[in-house]
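Worksheet: one structure, shown below.
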Amino acid sequence: MSKPPEYSGSGAPILRHEDIERDWRPATHAEDEWLERIEAHADRYLGEAQSVFHELLSDTVHIDVHVVRPTPERNYYTLYTTGMSALPMHTPEDATDYAYAELMISLPPDWPLLDEQLEESDYYWPIGWLKTLARLPHDYNTWLGWGHTIPHGDPAMPIAEHTDMCAFMILPPLQVDEDYLTLEMEDGRQVHFYAVLPIYLEELEYKLEHGMDALLDKFEEYEVDEIFDPNRVNTCEDA
């Protein structure tokens with residue numbers, strides 16, 4: 001028997017992704033031409049990636065994370081995925097144009113991405129979470145798009161020891177040219193590019209209670225963008 005739908009205080013639906021039992025599935029790889037177009041698109045708007053975290057063993061889809069190092073013009077790391085868009089997401093009927101997506105996250109220029117022990121450190125989570133979020137829609141027959149929030153656990157707990165942020169929000173990045181946000185492939189399908197923004201528990205609860213627009217007003221008031229700052233102001237601490 002299916003569970004009745006849940007809704008937040010703002011009226012938005014709440015989806016709970018419970019653990020599922022299934023066999024390991026060989027990964028679907030994106031076609032070379034598809035990947036080349038995404039990488040060329042990222043090169044143009046984000047800068048050329050200097051390194052890639054390649055997956056050696058993949059389940060469902062093969063996710064790689066590309067690393068664009070800081071420059072004087074963009075003084076922060078930019079990490080972006082390829083492979084999430086190898087399969088369409090299970091979008092609602094009114095969002096079929098948003099079935100293909102890739103994700104990115106921006107990190108401070110002193111982030112220890114070149115540390116040989118990175119995977120064993122408290123600073124690996126941006127890479128791990130990019131892969132987890134990119135695979136989530138395909139694992140749970142769902143989708144990720146503008147304004148979606150994903151807590152770290154239930155109840156939500158901090159994503160790392162160096163920050164109290166405990167959830168992620170999917171948003172269009174602000175620090176890029178608007179033309180970066182959508183890439184139209186030769187067959188007419190569109191790939192949408194979203195930023196992954198870590199948020200505080202109070203911000204997550206505020207969004208659930210008051211809606212996405214109300215939280216975005218808070219972000220605008222405090223000039224919050226997609227560049228991760230582990231010590232940024234909690235925009236809803238006193239809300």
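Chain labels follow the order of the structure tokens: the first chain is A, the next B, and so on; residue numbering restarts at 1 in every chain, and ligands are counted from 1 in their shown order.
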
Filtered DSSP result for chain A, state strand (DSSP E), as a ChimeraX atom specification | /A:6-7,13-14,51-53,64-68,77-82,100-107,149-151,167-171,182-184,190-199

Using DSSP on the backbone coordinates, identify the residues of segment 18-67 of chain A assigned to helix (DSSP H, G or I); present them as a PyMOL selection string.
-> chain A and resi 32-45

Just want the 12 Å neighbourhood of Glu73 of chain A, counted on only C-alpha atoms, with same-chain residues fewer than 5 positions away dropped. Output as a tab-separated table (two decimals) with N, CA and C atoms, in the first residue's frame.
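Printed below is out_30.tsv as written:
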```tsv
chain	number	residue	atom	x	y	z
A	45	TYR	N	32.57	28.34	-20.40
A	45	TYR	CA	31.96	29.21	-19.39
A	45	TYR	C	32.60	29.08	-18.01
A	46	LEU	N	33.23	27.96	-17.70
A	46	LEU	CA	33.84	27.77	-16.39
A	46	LEU	C	35.35	27.80	-16.44
A	47	GLY	N	35.91	27.48	-17.59
A	47	GLY	CA	37.35	27.32	-17.72
A	47	GLY	C	37.69	25.85	-17.92
A	175	GLN	N	27.31	32.97	-10.49
A	175	GLN	CA	28.59	33.51	-10.91
A	175	GLN	C	29.03	32.97	-12.28
A	176	VAL	N	28.09	32.78	-13.17
A	176	VAL	CA	28.40	32.33	-14.52
A	176	VAL	C	27.52	33.09	-15.50
```

Shortest interatomic distance to Ala167 of chain A - which of A:Asp94, A:Glu203, A:Asp217, A:Asp43, counting only C-alpha atoms = A:Glu203

Near segment 119-133 of chain A, counting only C-alpha atoms, which residues have an atom at most 8 Å away, once you skip same-chain residues fewer than 3 positions from it, shown as a PyMOL selection string?
-> chain A and resi 63-65+79-81+103-105+111-113+116+136-137+159-162+196

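Here atom CA of Cys236 of chain A stands at a distance of 7.4 Å from atom CA of Lys218 of chain A.
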
Near Asp97 of chain A, counting only C-alpha atoms, which residues have an atom at most 9 Å away, once you skip same-chain residues fewer than 4 positions from it, shown as a CSV table (one decimal) with C-alpha atoms, in the first residue's frame?
```csv
chain,number,residue,atom,x,y,z
A,91,THR,CA,10.4,14.1,-14.3
A,189,ARG,CA,17.4,17.5,-26.0
A,190,GLN,CA,18.5,20.0,-23.4
A,191,VAL,CA,21.0,19.6,-20.5
```

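Shortest separation to Leu57 of chain A among A:Ala214, A:Ala42, A:Leu174, A:Ala27 occurs at residue A:Ala27, atoms counted being only C-alpha atoms.
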
Quote the spacing between atom CA of Pro172 of chain A and atom CA of Tyr194 of chain A in Å to one decimal place.
-> 4.8 Å

Taking only C-alpha atoms into account, produce a table as a Markdown table in which each residue of segment 180-219 of chain A with an atom at most 10 Å from an atom of segment 30-39 of chain A appears once, together with its shortest atom pair and the distance in Å to one decimal, ordered by chain and rising number.
```
| residue | atom | partner | partner_atom | distance |
| --- | --- | --- | --- | --- |
| A:Leu183 | CA | A:Ile38 | CA | 7.7 |
| A:Glu184 | CA | A:Arg37 | CA | 9.5 |
| A:Met185 | CA | A:Trp34 | CA | 7.7 |
| A:Glu186 | CA | A:Trp34 | CA | 9.3 |
| A:Val191 | CA | A:Ile38 | CA | 8.4 |
| A:Phe193 | CA | A:Ile38 | CA | 9.9 |
```

Gly147 of chain A: which residues within 9 Å, counting only C-alpha atoms, same-chain residues fewer than 2 positions away excluded, as JSON, numbers by chain?
-> {"A": [144, 145, 149, 169, 170, 171, 172, 212]}

Convert the current residue selection to file output with all heavy atoms, as an mmCIF file, in the first residue's frame.
```cif
data_model
loop_
_atom_site.group_PDB
_atom_site.id
_atom_site.type_symbol
_atom_site.label_atom_id
_atom_site.label_comp_id
_atom_site.auth_asym_id
_atom_site.auth_seq_id
_atom_site.Cartn_x
_atom_site.Cartn_y
_atom_site.Cartn_z
ATOM 1 N N LEU A 144 15.976 15.800 -9.935
ATOM 2 C CA LEU A 144 16.493 16.971 -9.237
ATOM 3 C C LEU A 144 16.351 18.169 -10.158
ATOM 4 O O LEU A 144 16.646 18.085 -11.349
ATOM 5 C CB LEU A 144 17.955 16.792 -8.851
ATOM 6 C CG LEU A 144 18.274 15.784 -7.742
ATOM 7 C CD1 LEU A 144 19.780 15.727 -7.513
ATOM 8 C CD2 LEU A 144 17.546 16.141 -6.453
ATOM 9 N N GLY A 145 15.920 19.271 -9.593
ATOM 10 C CA GLY A 145 15.762 20.487 -10.377
ATOM 11 C C GLY A 145 15.781 21.707 -9.487
ATOM 12 O O GLY A 145 16.046 21.631 -8.272
ATOM 13 N N THR A 149 15.614 20.491 -2.345
ATOM 14 C CA THR A 149 16.516 20.405 -1.195
ATOM 15 C C THR A 149 16.658 18.956 -0.770
ATOM 16 O O THR A 149 15.688 18.190 -0.798
ATOM 17 C CB THR A 149 15.990 21.246 -0.013
ATOM 18 O OG1 THR A 149 14.589 21.010 0.182
ATOM 19 C CG2 THR A 149 16.218 22.723 -0.263
ATOM 20 N N MET A 169 20.862 22.453 -1.516
ATOM 21 C CA MET A 169 19.819 23.020 -2.357
ATOM 22 C C MET A 169 20.323 23.073 -3.793
ATOM 23 O O MET A 169 21.504 23.344 -4.043
ATOM 24 C CB MET A 169 19.448 24.424 -1.881
ATOM 25 C CG MET A 169 18.414 25.126 -2.748
ATOM 26 S SD MET A 169 17.917 26.701 -2.035
ATOM 27 C CE MET A 169 16.928 26.119 -0.671
ATOM 28 N N ILE A 170 19.435 22.797 -4.736
ATOM 29 C CA ILE A 170 19.769 22.817 -6.149
ATOM 30 C C ILE A 170 19.285 24.133 -6.748
ATOM 31 O O ILE A 170 18.082 24.435 -6.709
ATOM 32 C CB ILE A 170 19.110 21.627 -6.890
ATOM 33 C CG1 ILE A 170 19.456 20.302 -6.195
ATOM 34 C CG2 ILE A 170 19.536 21.611 -8.350
ATOM 35 C CD1 ILE A 170 20.919 19.976 -6.148
ATOM 36 N N LEU A 171 20.225 24.917 -7.278
ATOM 37 C CA LEU A 171 19.899 26.237 -7.812
ATOM 38 C C LEU A 171 20.714 26.521 -9.071
ATOM 39 O O LEU A 171 21.815 25.976 -9.237
ATOM 40 C CB LEU A 171 20.215 27.325 -6.781
ATOM 41 C CG LEU A 171 19.322 27.438 -5.549
ATOM 42 C CD1 LEU A 171 19.921 28.447 -4.585
ATOM 43 C CD2 LEU A 171 17.918 27.867 -5.952
ATOM 44 N N PRO A 172 20.235 27.404 -9.949
ATOM 45 C CA PRO A 172 21.089 27.871 -11.046
ATOM 46 C C PRO A 172 22.247 28.686 -10.463
ATOM 47 O O PRO A 172 22.036 29.486 -9.552
ATOM 48 C CB PRO A 172 20.155 28.764 -11.879
ATOM 49 C CG PRO A 172 18.773 28.400 -11.456
ATOM 50 C CD PRO A 172 18.874 27.967 -10.024
ATOM 51 N N MET A 212 10.159 28.573 -1.487
ATOM 52 C CA MET A 212 11.454 28.839 -2.093
ATOM 53 C C MET A 212 11.717 30.335 -2.260
ATOM 54 O O MET A 212 12.812 30.831 -1.977
ATOM 55 C CB MET A 212 11.515 28.127 -3.448
ATOM 56 C CG MET A 212 12.852 28.217 -4.132
ATOM 57 S SD MET A 212 14.085 27.330 -3.156
ATOM 58 C CE MET A 212 15.565 27.958 -3.924
#
```

What does the distance between atom CA of Gly211 of chain A and atom CA of Leu87 of chain A come to in Å, to one decimal place?
-> 29.6 Å
